[in-house]
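**Q** Take this structure first; my questions come after.
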Amino acid sequence: MRSLCFILFAVFAAEAKDLHWAYELPTKPNLPLVKHADWARNGIDFFCLSRMESRGHTPKERESSARLIRRVFLDLIGIPPPIEKVDSFLLDPSDQHLEKIVDELLSSNRFGEKWALGWLDLARYADSDGYQRDGFRNVWPYRDWVIRAFNSDMPFDQFTIEQLAGDLLPEATKDQIIATGFHRGPILNLEAGTDPEEDRVKQVVDRVNTTSTVWLGTSMECTQCHDHKHDPFSIRDYYSMFAFFNNTPIEGKRRPGGNDASMDYAGSDINVPVPTDELNKRDEAENKAREGEENYVTKVEELCESFSDDQLNELVEKHPKEVDLIRKSKIDFKEALKISKALFKKGKYSKSLNELQKQIANNDNRSKGGTFQIGYTSRVMREMGKKRGTHIMLRGDFRNIGKKVSADTPESLHLFRKEYPRNRLGLAQWLVSQENPLTARVTVNRIWAELFGRGIVTTIEDFGTNGAFPTHPELLDWLAVTFQSEDSWSLKKTIKRIVLSSVYLQSFTVSKLERNKDPDNSYYARGPSLRLPAELIRDNALFISGLLSTKMYGMPVRPFQPANFWRVIGEVDNKYYASENEDLYRRGIYTIWRRSAHYPSFANFDAPSRGACKVIRQSSNTPLQALTLLNDPVYVEIAKAFADRIKKETAELNAPKQLEYAFRLALSRYPNGAEITALKNIYFTALDTEGSAESAWFEIANTLLNLHGTITK
Amino acid sequence: MENNLTQRLLSRRAFLRNSTSLGVGTLAFNDLLSREASSDPIAAYGKGIAHFAPKAKSVIFLHMVGAPSQLDLFDPKPKLKEFHGKPAPAEFIEGKRFAFLRGHPKMMASPFEFAKINDGQEISEVLPHLKSVAGEVAIIQSMQTEDFNHAPAQMFFHSGLNRIGRPSLGSWVTYGLGAESNDLPAYVVMVSGPVPGAGSTLWSHGFLPSIYQGIEFRSTGDPVLFLSDPKGVDRSRRKRIIDGINALNEVELENRGDPEIRTRINQYELAFKMQMSVPELTDLRTEPEHVRDMYGKGSFANHCLQARRLVERGVRFVELYNDGWDHHGGIEAGIKKKAKEIDRPIAALIKDLKMRGLLDETLIVWGAEFGRTPMFQGSKLNGAGRDHHKEAYTIWMAGGGVRGGISYGKTDEFGYYVEKNPVLVRDMHATILHALGMDHERVTFRFQGLDQRLTGTEESRIHHQLFG
């Protein structure tokens with residue numbers, strides 16, 4: 001079998017001499033000639049149109065205005081346009097107006113909350129460790145960092161460097177260190193009996209695989225055990241990359257003195273500022289604790305006063321120290337405790353004293369920050385002074401040590417320059433170097449896929465020889481070079497260019513014949529229409545009903561979820577409690593992400609568990625989704641709020657106009673004749689059967705929130 | 001041989017490079033996509049890709065979470081009596097790592113009596129009911145695995161990888177064979193006791209499309225999340241609302257022509273049907289009393305009875321998890337208690353399926369993430385337990401064309417290593433797919449540039465001797 005692998009590798013190595021397209025530097029191609037240049041709005045259109053024309057596809061006209069502005073809103077900020085915005089665009093649907101709207105959306109704070117979602121899938125961001133214990137972890141400040149980075153349009157090279165090596169930058173700021181939370185995403189096994197070193201190695205493996213997937217468009221995973229069968233990467237390359245990540249402190253340690261092989265968390269964290277209202281709550285608890293102590297002392301003193309001198313003389317034999325205390329003119333809390341422990345442990349006052357003592361302890365605990373499941377620190381990368389030696393691990397087994405290797409990038413890719421330090425910082429610089437043929441291509445392809453639902457390279461996670469060849473190779477290179485050079489790695493400029501292209505603005509509606517000719521829209525002869533990702537389905541519903549909170553950042557929040565859903569066993573506090581007030585209606589990105597049981601309505605809409613780097617989410621269509629939108633108490637509450645909103649805002653209108661308004665809140669566009677008939681039918685039947693306008697509006701709200709169009713961009 | 005294989009792999013690669021259709025699995029998936037437009041809700045699962053006439057059509061997989069001791073249930077070792085309370089032979093300890101055992105551990109014989117039955121089978125006295133149907137059961141004493149911590153080993157047992165990310169066996173099976181029921185999910189999971197360490201990862205669809213995800217029927221509250229209508233919505237009102245949603249979706253389908261809308265309409269219909277079929281299914285009062293008596297009482301017994309009802313209704317893959325087998329201490333009492341809990345229901349399940357003529361087409365697999373050591377844990381024999389053991393342990397199969405009454409594979413005299421016919425986890429997977437009429441090398445799905453399969457890239461062995 002081994003010799004067979006060798007033969008195969010030799011065959012492929014020979015083939016690999018012709019450099020695979022993705023490993024050649026992209027150059028900016030000229031725009032191709034097209035017959036209908038007037039259709040094009042920017043460079044992107046020339047490449048797509050040229051391919052359409054060569055295969056006999058005709059581009060579609062611009063999407064109808066209401067649907068279009070909704071698409072743009074959902075793609076840029078993940079919530080639909082308010083009716084006023086739709087109205088103003090209907091009045092002036094010009095390209096100039098559209099561009100103005102796009103600029104506004106790109107500078108909205110909601111932009112980062114939408115675009116960070118996909119990046120957090122790559123960073124396998126979660127609020128718990130995974131595995132059996134699945135304890136909570138503090139890394140949410142990193143999530144906030146990502147949102148801010150998207151909002152400030154941090155150039156992608158800097159975005160890369162800070163996340164991979166912010167801690168190694170000269171005079172690193174706190175934010176730059178928090179940014180390294182990217183690679184603190186791997187799951188961590190603190191289950192008793194775990195081999196800490198084995199788990200550490202698994203985490204480093206995850207860092208290598210994720211880095212290569214996110215920036216190089218290749219999972220080097222295969223080379224963990226053997227030389228790659230298709231791509232020019234060797235097992236040596238793998239462990240040379242491994243060496244870059246091999247110098248951070250171990251994160252799980254055997255509990256000292258424990259003989260049950262229990263584990264404790266031991267990784268490096270950074271403190272983040274505690275917000276004022278939390279500090280106030282702590283002060284309040286501190287005051288309550290001191291007050292409680294005073295009460296306790298007074299109570300004990302009162303009880304002691306009732307002792308007669310004779311009684312005290314009797315007691316002195318058995319409790320000499322306590323009697324001394326009683327005879328003092330003033331005692332403190334500790335002394336009061338001593339006395340009550342000795343003398344009032346039993347008897348009618350024990351219960352109230354115990355109760356008081358418990359309250360004091362609770363308040364003391366709370367004043368120190370309390371035992372939260374999540375706290376005010378963030379997991380970060382830290383380089384150890386003394387580096388670990390790295391060896392090839394034969395067949396990927398950490399006990400099976402082969403040759404020693406040092407930190408290096410794969411031999412077949414561009415040069416690791418002398419000026420780069422041989423650490424994570426150097427690796428990050430190498431990844432965003434102008435000589436790297438992959439990073440820019442892989443990144444623009446991911447953005448393209450987020451907007452169109454498919455990549456120019458359809459195997460978004462694999463740009464290797466086994467991946468798909470780009471459907472529009474020149475477009476990919478044109479976008480990549482523009483992104484990397486002219487736009488200086490600006491993601492916002494790239495996104496803007498795509499959403500203002502004629503390709504993107506096209507109508508989604510095509511004839512059956514045209515659809516069958518290109519079911520996957522690989523020629524882009526129609527616009528995109530995709531089901532929203534999990535978090536946005538909820539954001540969208542909250543926005544439509546008027547419940548959505550725009551509060552940003554901070555500790556993960558907890559919407560209502562079914563009872564008994566967190567069922568992990570072990571030492572972890574599994575109690576789920578819902579957040580309060582507006583925290584119940586925050587955007588989905590702030591929802592607590594527990595890997596073993598993440599928020600069920602997100603899971604039903606394909607949100608990954610984030611156990612590993614996920615490049616693109618699936619978009620399934622299941623009965624569980626129907627049940628979620630119909631019956632999840634959260635959606636029922638949203639439907640009620642939506643019904644109230646309709647009633648309140650349309651009190652002056654007649655029923656058809658009310659229905660039209662409700663429809664527009666959910667779908668932005670006006671209903672057509674058939675739709676208004678269907679709505680009237682639903683409304684009046686409900687009114688007849690249920691007998692109240694309230695119930696009828698609830699049915700309308702419930703119906704609208706469940707429509708395919710409502711959960712689709 | 002080597003040349004042939006090389007040839008085959010090379011031509012396979014050429015096939016991949018030159019063709020847009022990528023292996024059988026992908027064909028099925030493409031088929032799935034094109035069929036989503038049809039009005040048949042079953043079609044969404046694809047029509048299946050049996051490679052040859054299958055013996056089994058469905059699977060009931062019983063996972064004993066925590067890992068029962070094979071030495072106290074199915075693989076007795078008289079030699080351990082000699083060594084009872086004595087140090088383990090040095091060669092068993094050298095260079096070994098255990099999850100919890102430290103120092104030089106000592107051996108422990110099983111406290112239970114075993115009866116020899118059938119063709120070399122031995123079953124512990126704590127499983128009297130199972131013994132009565134042992135003629136249907138093939139005991140596999142030579143199971144091996146690669147991880148000895150619960151969560152990773154559970155993932156490995158179900159997906160072939162000890163980390164999150166790959167589809168579970170149940171997902172592969174439903175992906176390969178499609179669905180038969182049009183009002184129930186194709187892959188159903190039930191958990192008695194706490195949820196296993198690796199959680200819902202164990203029934204994850206991994207990189208397969210999410211319709212292949214196992215759907216958990218919960219024991220408390222709604223059997224399927226969000227199955228019950230909210231207060232104030234009765235069946236007729238729910239029907240009316242869904243009809244309204246679908247009427248509006250029909251208009252949008254007309255407007256846009258997107259086949260996804262057709263699928264969504266179907267899924268709302270299926271959701272409505274599930275709201276009826278799932279409660280009916282999980283309501284065991286409709287079973288005659290003598291049948292319920294046969295299974296006995298308790299959550300696991302109910303799940304076994306439900307498993308039969310599910311396969312009867314065309315559900316492809318049913319998975320039952322039963323927690324509480326991690327006997328690091330007090331193993332004698334622990335095993336007795338757990339064995340009592342599962343013995344009667346499992347035997348009833350086999351008998352019940354047999355009576356209904358369903359046993360031939362239903363493969364039952366009983367197993368766990370690993371086994372337990374012949375050495376004991378604890379300071380003294382009294383109240384001792386056994387540590388995790390991955391080198392050798394026991395699983396069994398029944399029904400689905402499996403040759404009953406046999407014992408397969410063999411361990412050494414201490415039950416420490418496998419001596420004959422080792423069954424690796426990937427072998428077990430390949431063998432189960434075989435029982436269902438699928439060639440494990442041809443059930444593939446393209447992901448990360450590779451045609452992925454359940455059994456991975458290393459060679460897997462189908463254990464044909466298990467079939468009669």
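Chain lettering (A, B, ...) mirrors the order of the structure tokens, residue numbering begins at 1 for each chain separately, and ligand numbering begins at 1 in order of display.
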Taking only C-alpha atoms into account and nothing else, which residues of chain A lie no more than 7 Å away from chain B? Please answer as a JSON list (two decimals) with N, CA and C atoms, in the first residue's frame.
**A**
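What ended up in iface-v2.json:
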[["chain", "number", "residue", "atom", "x", "y", "z"],
["A", 4, "LEU", "N", 2.31, 1.82, -3.29],
["A", 4, "LEU", "CA", 1.25, 2.28, -4.19],
["A", 4, "LEU", "C", 1.08, 3.78, -4.06],
["A", 131, "TYR", "N", -16.98, 19.27, 22.84],
["A", 131, "TYR", "CA", -16.79, 17.98, 23.49],
["A", 131, "TYR", "C", -17.82, 17.75, 24.59],
["A", 132, "GLN", "N", -17.55, 16.71, 25.38],
["A", 132, "GLN", "CA", -18.54, 16.30, 26.37],
["A", 132, "GLN", "C", -18.82, 17.38, 27.41],
["A", 193, "GLY", "N", -9.71, 12.61, 31.93],
["A", 193, "GLY", "CA", -9.10, 11.50, 31.22],
["A", 193, "GLY", "C", -8.47, 11.90, 29.89],
["A", 194, "THR", "N", -8.65, 13.14, 29.50],
["A", 194, "THR", "CA", -8.04, 13.61, 28.25],
["A", 194, "THR", "C", -6.53, 13.67, 28.41],
["A", 260, "ASP", "N", -8.50, 11.71, 39.77],
["A", 260, "ASP", "CA", -9.53, 11.27, 38.84],
["A", 260, "ASP", "C", -9.27, 11.84, 37.45],
["A", 261, "ALA", "N", -8.02, 12.30, 37.21],
["A", 261, "ALA", "CA", -7.64, 12.80, 35.89],
["A", 261, "ALA", "C", -8.51, 13.97, 35.43],
["A", 459, "THR", "N", -15.83, 25.14, -5.85],
["A", 459, "THR", "CA", -15.33, 24.48, -4.64],
["A", 459, "THR", "C", -14.62, 25.56, -3.81],
["A", 461, "GLU", "N", -13.83, 25.91, -0.89],
["A", 461, "GLU", "CA", -12.83, 25.53, 0.09],
["A", 461, "GLU", "C", -11.62, 24.89, -0.57],
["A", 462, "ASP", "N", -11.67, 24.68, -1.87],
["A", 462, "ASP", "CA", -10.57, 23.97, -2.51],
["A", 462, "ASP", "C", -10.19, 24.58, -3.86],
["A", 466, "ASN", "N", -7.65, 19.36, -7.38],
["A", 466, "ASN", "CA", -8.87, 18.56, -7.34],
["A", 466, "ASN", "C", -10.13, 19.42, -7.24],
["A", 467, "GLY", "N", -9.93, 20.71, -7.01],
["A", 467, "GLY", "CA", -11.07, 21.62, -6.94],
["A", 467, "GLY", "C", -11.58, 21.94, -8.34],
["A", 509, "THR", "N", -36.20, 36.58, -12.18],
["A", 509, "THR", "CA", -37.28, 35.88, -12.89],
["A", 509, "THR", "C", -36.87, 35.53, -14.32],
["A", 512, "LYS", "N", -39.05, 29.13, -17.71],
["A", 512, "LYS", "CA", -38.70, 27.77, -17.34],
["A", 512, "LYS", "C", -37.60, 27.24, -18.27],
["A", 567, "ARG", "N", -28.24, 20.00, 27.81],
["A", 567, "ARG", "CA", -28.30, 18.79, 28.60],
["A", 567, "ARG", "C", -26.93, 18.16, 28.81],
["A", 568, "VAL", "N", -25.90, 18.99, 28.72],
["A", 568, "VAL", "CA", -24.56, 18.44, 28.87],
["A", 568, "VAL", "C", -24.38, 17.94, 30.29],
["A", 569, "ILE", "N", -23.61, 16.87, 30.45],
["A", 569, "ILE", "CA", -23.35, 16.39, 31.80],
["A", 569, "ILE", "C", -21.98, 16.86, 32.25],
["A", 596, "SER", "N", -22.53, 22.20, 21.80],
["A", 596, "SER", "CA", -23.24, 20.92, 21.91],
["A", 596, "SER", "C", -24.74, 21.11, 21.69],
["A", 611, "GLY", "N", -17.87, 23.61, 15.23],
["A", 611, "GLY", "CA", -16.83, 22.74, 15.77],
["A", 611, "GLY", "C", -15.56, 22.84, 14.96],
["A", 612, "ALA", "N", -15.68, 23.27, 13.73],
["A", 612, "ALA", "CA", -14.51, 23.43, 12.86],
["A", 612, "ALA", "C", -14.82, 24.52, 11.86],
["A", 618, "GLN", "N", -24.81, 25.35, 4.21],
["A", 618, "GLN", "CA", -25.81, 24.79, 3.31],
["A", 618, "GLN", "C", -27.07, 25.62, 3.39],
["A", 620, "SER", "N", -30.65, 24.38, 3.37],
["A", 620, "SER", "CA", -31.61, 23.29, 3.26],
["A", 620, "SER", "C", -33.02, 23.84, 3.32],
["A", 621, "ASN", "N", -33.93, 22.97, 3.10],
["A", 621, "ASN", "CA", -35.33, 23.35, 3.01],
["A", 621, "ASN", "C", -36.11, 22.18, 3.62],
["A", 622, "THR", "N", -36.39, 22.26, 4.93],
["A", 622, "THR", "CA", -36.90, 21.08, 5.64],
["A", 622, "THR", "C", -38.21, 21.38, 6.38],
["A", 623, "PRO", "N", -38.93, 20.31, 6.76],
["A", 623, "PRO", "CA", -40.16, 20.53, 7.54],
["A", 623, "PRO", "C", -39.88, 21.15, 8.90],
["A", 624, "LEU", "N", -38.67, 20.91, 9.44],
["A", 624, "LEU", "CA", -38.36, 21.50, 10.74],
["A", 624, "LEU", "C", -38.32, 23.02, 10.67],
["A", 626, "ALA", "N", -40.27, 24.81, 8.71],
["A", 626, "ALA", "CA", -41.67, 25.22, 8.76],
["A", 626, "ALA", "C", -42.17, 25.21, 10.20],
["A", 627, "LEU", "N", -41.85, 24.13, 10.94],
["A", 627, "LEU", "CA", -42.32, 24.04, 12.33],
["A", 627, "LEU", "C", -41.73, 25.16, 13.18],
["A", 628, "THR", "N", -40.47, 25.51, 12.92],
["A", 628, "THR", "CA", -39.82, 26.58, 13.68],
["A", 628, "THR", "C", -40.55, 27.91, 13.46],
["A", 631, "ASN", "N", -44.18, 27.66, 14.95],
["A", 631, "ASN", "CA", -44.48, 27.33, 16.36],
["A", 631, "ASN", "C", -43.45, 27.71, 17.40],
["A", 632, "ASP", "N", -42.23, 28.00, 17.01],
["A", 632, "ASP", "CA", -41.25, 28.42, 18.01],
["A", 632, "ASP", "C", -41.84, 29.60, 18.77],
["A", 674, "ALA", "N", -53.40, 38.64, -7.39],
["A", 674, "ALA", "CA", -53.65, 37.31, -6.81],
["A", 674, "ALA", "C", -53.27, 37.30, -5.34],
["A", 675, "GLU", "N", -52.22, 38.03, -5.04],
["A", 675, "GLU", "CA", -51.76, 38.05, -3.64],
["A", 675, "GLU", "C", -52.74, 38.80, -2.74],
["A", 678, "ALA", "N", -55.61, 36.56, -2.11],
["A", 678, "ALA", "CA", -55.29, 35.52, -1.13],
["A", 678, "ALA", "C", -55.26, 36.11, 0.28],
["A", 682, "ILE", "N", -57.61, 35.11, 3.48],
["A", 682, "ILE", "CA", -57.09, 34.68, 4.79],
["A", 682, "ILE", "C", -57.68, 35.55, 5.89],
["A", 699, "GLU", "N", -53.16, 35.91, 12.37],
["A", 699, "GLU", "CA", -53.02, 34.94, 11.26],
["A", 699, "GLU", "C", -52.29, 35.55, 10.08],
["A", 703, "THR", "N", -48.74, 34.23, 8.86],
["A", 703, "THR", "CA", -48.64, 33.84, 7.46],
["A", 703, "THR", "C", -47.49, 34.57, 6.77],
["A", 706, "ASN", "N", -44.01, 33.50, 7.50],
["A", 706, "ASN", "CA", -43.66, 32.17, 7.01],
["A", 706, "ASN", "C", -43.46, 32.10, 5.50],
["A", 707, "LEU", "N", -43.70, 33.18, 4.80],
["A", 707, "LEU", "CA", -43.64, 33.11, 3.34],
["A", 707, "LEU", "C", -42.22, 32.87, 2.84],
["A", 708, "HIS", "N", -42.14, 32.12, 1.77],
["A", 708, "HIS", "CA", -40.85, 31.88, 1.15],
["A", 708, "HIS", "C", -40.16, 33.22, 0.85]]
**Q** If we count only C-alpha atoms and set the cut-off at 8 Å, which residues sit around B:Ile364, ignoring sequence neighbours fewer than 5 positions away in its own chain? Please answer as a list in words.
**A**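 Result of the neighbour search: Val59, Ile60, Phe61, Leu62, Met397, Ala398, Gly399 and Gly400 of chain B.
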**Q** Applying 12 Å and only C-alpha atoms, which residues near B:Ser379 remain after dropping the ones on its own chain fewer than 6 positions away? List them as an mmCIF file with N, CA and C atoms, in the first residue's frame.
**A**
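The result, written out as result09.cif:
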data_model
loop_
_atom_site.group_PDB
_atom_site.id
_atom_site.type_symbol
_atom_site.label_atom_id
_atom_site.label_comp_id
_atom_site.auth_asym_id
_atom_site.auth_seq_id
_atom_site.Cartn_x
_atom_site.Cartn_y
_atom_site.Cartn_z
ATOM 1 N N ASN A 259 -6.854 12.693 41.564
ATOM 2 C CA ASN A 259 -6.478 11.375 41.055
ATOM 3 C C ASN A 259 -7.525 10.855 40.085
ATOM 4 N N GLY B 85 -7.404 -10.271 41.050
ATOM 5 C CA GLY B 85 -6.754 -9.510 42.124
ATOM 6 C C GLY B 85 -5.245 -9.457 42.008
ATOM 7 N N LEU B 101 -6.473 4.650 34.587
ATOM 8 C CA LEU B 101 -5.607 3.748 35.348
ATOM 9 C C LEU B 101 -4.206 4.306 35.455
ATOM 10 N N ARG B 102 -3.629 4.199 36.624
ATOM 11 C CA ARG B 102 -2.245 4.616 36.833
ATOM 12 C C ARG B 102 -1.497 3.485 37.536
ATOM 13 N N GLY B 103 -0.160 3.524 37.496
ATOM 14 C CA GLY B 103 0.654 2.525 38.185
ATOM 15 C C GLY B 103 0.524 1.160 37.524
ATOM 16 N N HIS B 104 0.648 0.111 38.309
ATOM 17 C CA HIS B 104 0.550 -1.245 37.753
ATOM 18 C C HIS B 104 -0.778 -1.881 38.161
ATOM 19 N N PRO B 105 -1.771 -1.779 37.295
ATOM 20 C CA PRO B 105 -3.112 -2.227 37.664
ATOM 21 C C PRO B 105 -3.227 -3.743 37.778
ATOM 22 N N LYS B 106 -4.255 -4.169 38.495
ATOM 23 C CA LYS B 106 -4.480 -5.602 38.711
ATOM 24 C C LYS B 106 -5.720 -6.070 37.949
ATOM 25 N N HIS B 328 -16.666 2.939 35.985
ATOM 26 C CA HIS B 328 -15.309 3.013 36.540
ATOM 27 C C HIS B 328 -15.272 2.420 37.940
ATOM 28 N N GLY B 329 -16.408 2.338 38.559
ATOM 29 C CA GLY B 329 -16.502 1.736 39.882
ATOM 30 C C GLY B 329 -17.835 1.025 40.009
ATOM 31 N N GLY B 330 -17.937 0.162 40.986
ATOM 32 C CA GLY B 330 -19.195 -0.531 41.264
ATOM 33 C C GLY B 330 -19.756 -1.249 40.059
ATOM 34 N N GLY B 385 -14.254 -1.086 39.403
ATOM 35 C CA GLY B 385 -14.800 -0.919 38.059
ATOM 36 C C GLY B 385 -13.749 -1.264 37.029
ATOM 37 N N ARG B 386 -14.034 -0.954 35.785
ATOM 38 C CA ARG B 386 -13.058 -1.208 34.723
ATOM 39 C C ARG B 386 -12.833 0.073 33.927
#
**Q** Please provide as a PyMOL selection string all residues within 12 Å of A:Ser152, with the sequence filter that same-chain residues fewer than 4 positions apart are discarded (counting only C-alpha atoms).
**A** chain A and resi 106-113+145-148+156+158-159+490-492
**Q** Excluding same-chain residues fewer than 3 positions from stretch 390-394 of chain B, what lies within 8 Å of it counting only C-alpha atoms, as JSON, numbers by chain?
**A** {"B": [69, 70, 74, 75, 139, 140, 141, 142, 143, 144, 145, 146, 147, 148, 367, 370, 371, 372, 411, 415, 416, 417, 418]}
**Q** For the selection just defined, write its residues with C-alpha atoms to a file, as a compact mmCIF listing (two decimals), in the first residue's frame.
**A**
# COMPACT_ATOMS: atom_id res chain seq x y z
CA SER B 69 -17.94 -4.22 29.76
CA GLN B 70 -17.70 -6.93 27.12
CA PHE B 74 -20.36 -11.42 26.00
CA ASP B 75 -16.68 -12.35 26.25
CA ILE B 139 -21.85 -11.66 18.55
CA ILE B 140 -18.71 -9.90 17.32
CA GLN B 141 -15.99 -10.20 19.94
CA SER B 142 -13.24 -8.61 17.90
CA MET B 143 -14.24 -4.98 17.62
CA GLN B 144 -11.43 -2.41 17.78
CA THR B 145 -11.39 1.35 17.89
CA GLU B 146 -8.87 4.18 18.02
CA ASP B 147 -9.82 6.61 20.76
CA PHE B 148 -10.47 6.02 24.44
CA GLY B 367 -22.54 -1.46 20.40
CA PHE B 370 -15.24 1.22 23.17
CA GLY B 371 -15.02 -1.59 25.71
CA ARG B 372 -13.47 -2.03 29.14
CA THR B 411 -9.77 -12.17 21.78
CA GLY B 415 -9.66 -10.32 26.48
CA TYR B 416 -7.06 -7.64 26.00
CA TYR B 417 -6.20 -7.97 22.32
CA VAL B 418 -8.01 -9.32 19.29
**Q** Counting only C-alpha atoms, which of B:Gly468, B:Gly66, B:Gly160, B:Gly437 gets nearest to B:Val402?
**A**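 Going through B:Gly468, B:Gly66, B:Gly160, B:Gly437 one by one, the smallest distance to B:Val402 is for B:Gly468.
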**Q** Taking 6 positions as the minimum chain separation for residues in the same chain, which residues sit within 10 Å of stretch 285-300 of chain B when counting only C-alpha atoms? Answer as a short mmCIF file (atom, residue, chain, number, x, y, z; two decimals) with N, CA and C atoms, in the first residue's frame.
**A**
data_model
loop_
_atom_site.label_atom_id
_atom_site.label_comp_id
_atom_site.auth_asym_id
_atom_site.auth_seq_id
_atom_site.Cartn_x
_atom_site.Cartn_y
_atom_site.Cartn_z
N MET B 190 -33.31 8.74 19.28
CA MET B 190 -33.94 8.89 20.60
C MET B 190 -32.89 8.62 21.68
N VAL B 191 -32.96 9.39 22.73
CA VAL B 191 -31.94 9.32 23.77
C VAL B 191 -32.60 9.01 25.11
N SER B 192 -32.20 7.90 25.78
CA SER B 192 -32.69 7.68 27.14
C SER B 192 -31.55 7.96 28.10
N GLY B 193 -31.82 8.77 29.10
CA GLY B 193 -30.76 9.24 30.00
C GLY B 193 -30.15 10.50 29.43
N SER B 219 -37.64 13.10 24.61
CA SER B 219 -38.45 12.31 25.55
C SER B 219 -39.39 13.18 26.38
N GLN B 306 -40.95 2.10 20.01
CA GLN B 306 -41.09 3.13 18.99
C GLN B 306 -40.20 2.85 17.78
N ARG B 309 -42.04 0.70 15.56
CA ARG B 309 -43.10 1.45 14.89
C ARG B 309 -42.52 2.32 13.78
N LEU B 320 -30.88 4.59 18.85
CA LEU B 320 -31.24 4.74 20.26
C LEU B 320 -29.97 4.84 21.10
N TYR B 321 -29.90 5.88 21.91
CA TYR B 321 -28.78 6.01 22.82
C TYR B 321 -29.27 5.70 24.23
N ASN B 322 -28.50 4.86 24.93
CA ASN B 322 -28.84 4.55 26.31
C ASN B 322 -27.64 4.84 27.18
N ASP B 323 -27.78 5.81 28.07
CA ASP B 323 -26.64 6.27 28.85
C ASP B 323 -26.47 5.47 30.13
N GLU B 341 -32.23 -3.13 32.56
CA GLU B 341 -32.96 -2.08 31.86
C GLU B 341 -33.10 -2.36 30.35
N ILE B 342 -32.07 -2.95 29.76
CA ILE B 342 -32.11 -3.11 28.29
C ILE B 342 -32.49 -4.52 27.84
N ASP B 343 -32.30 -5.50 28.71
CA ASP B 343 -32.40 -6.90 28.28
C ASP B 343 -33.76 -7.24 27.69
N ARG B 344 -34.79 -6.96 28.46
CA ARG B 344 -36.13 -7.33 28.03
C ARG B 344 -36.58 -6.54 26.80
N PRO B 345 -36.41 -5.22 26.78
CA PRO B 345 -36.84 -4.47 25.60
C PRO B 345 -36.14 -4.89 24.31
N ILE B 346 -34.84 -5.17 24.40
CA ILE B 346 -34.12 -5.53 23.17
C ILE B 346 -34.59 -6.90 22.67
N ALA B 347 -34.73 -7.84 23.60
CA ALA B 347 -35.21 -9.16 23.19
C ALA B 347 -36.61 -9.05 22.59
N ALA B 348 -37.44 -8.19 23.21
CA ALA B 348 -38.80 -7.99 22.69
C ALA B 348 -38.76 -7.40 21.29
N LEU B 349 -37.85 -6.47 21.08
CA LEU B 349 -37.73 -5.85 19.76
C LEU B 349 -37.42 -6.90 18.69
N LYS B 351 -37.95 -10.16 18.86
CA LYS B 351 -39.10 -11.07 18.70
C LYS B 351 -40.24 -10.40 17.92
N ASP B 352 -40.50 -9.17 18.29
CA ASP B 352 -41.61 -8.44 17.68
C ASP B 352 -41.37 -8.27 16.17
#
**Q** Could you state the separation of atom CA of A:Phe416 and atom CA of A:His391 in Å, given to one decimal place?
**A**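 Computed distance, atom CA of A:Phe416 to atom CA of A:His391, equals 20.0 Å.
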**Q** Taking the backbone alone, and naming residues the way the document does, which bits of stretch 426-636 of chain A are alpha helix (DSSP H) by DSSP, as JSON, numbers by chain?
**A** {"A": [426, 427, 428, 429, 430, 431, 439, 440, 441, 442, 443, 444, 445, 446, 447, 448, 449, 450, 451, 452, 473, 474, 475, 476, 477, 478, 479, 480, 481, 491, 492, 493, 494, 495, 496, 497, 498, 499, 502, 503, 504, 505, 512, 513, 514, 515, 516, 517, 534, 535, 536, 537, 538, 539, 540, 541, 542, 543, 544, 545, 600, 601, 602, 603, 604, 623, 624, 625, 626, 627, 628, 629, 630, 631, 633, 634, 635, 636]}
**Q** Please identify which residues in stretch 231-423 of chain B DSSP calls strand (DSSP E) from the backbone, and express them as an MDAnalysis selection string.
**A** chainID B and resid 317:323 362:367 371:377 385:389 393:398 406:408 410:411 418:420
**Q** Which neighbours of A:Val432 fall inside 12 Å, counting only C-alpha atoms, when residues of the same chain fewer than 3 positions from it are skipped, and could you give them as a PyMOL selection string?
**A** chain A and resi 155-162+164+215-216+414+416+420+425-429+435-443+483-485+488-489
**Q** Using only C-alpha atoms, pick whichever of A:Gly673, A:Gly709, A:Gly464, A:Pro32 has the shortest atom-to-atom distance to A:Leu19.
**A**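 Ranked by minimum distance to A:Leu19, first place goes to A:Gly464.
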**Q** Using only C-alpha atoms, which of B:Gly214, B:Pro111, B:Pro68, B:Pro279 sits nearest B:Val318?
**A** B:Gly214
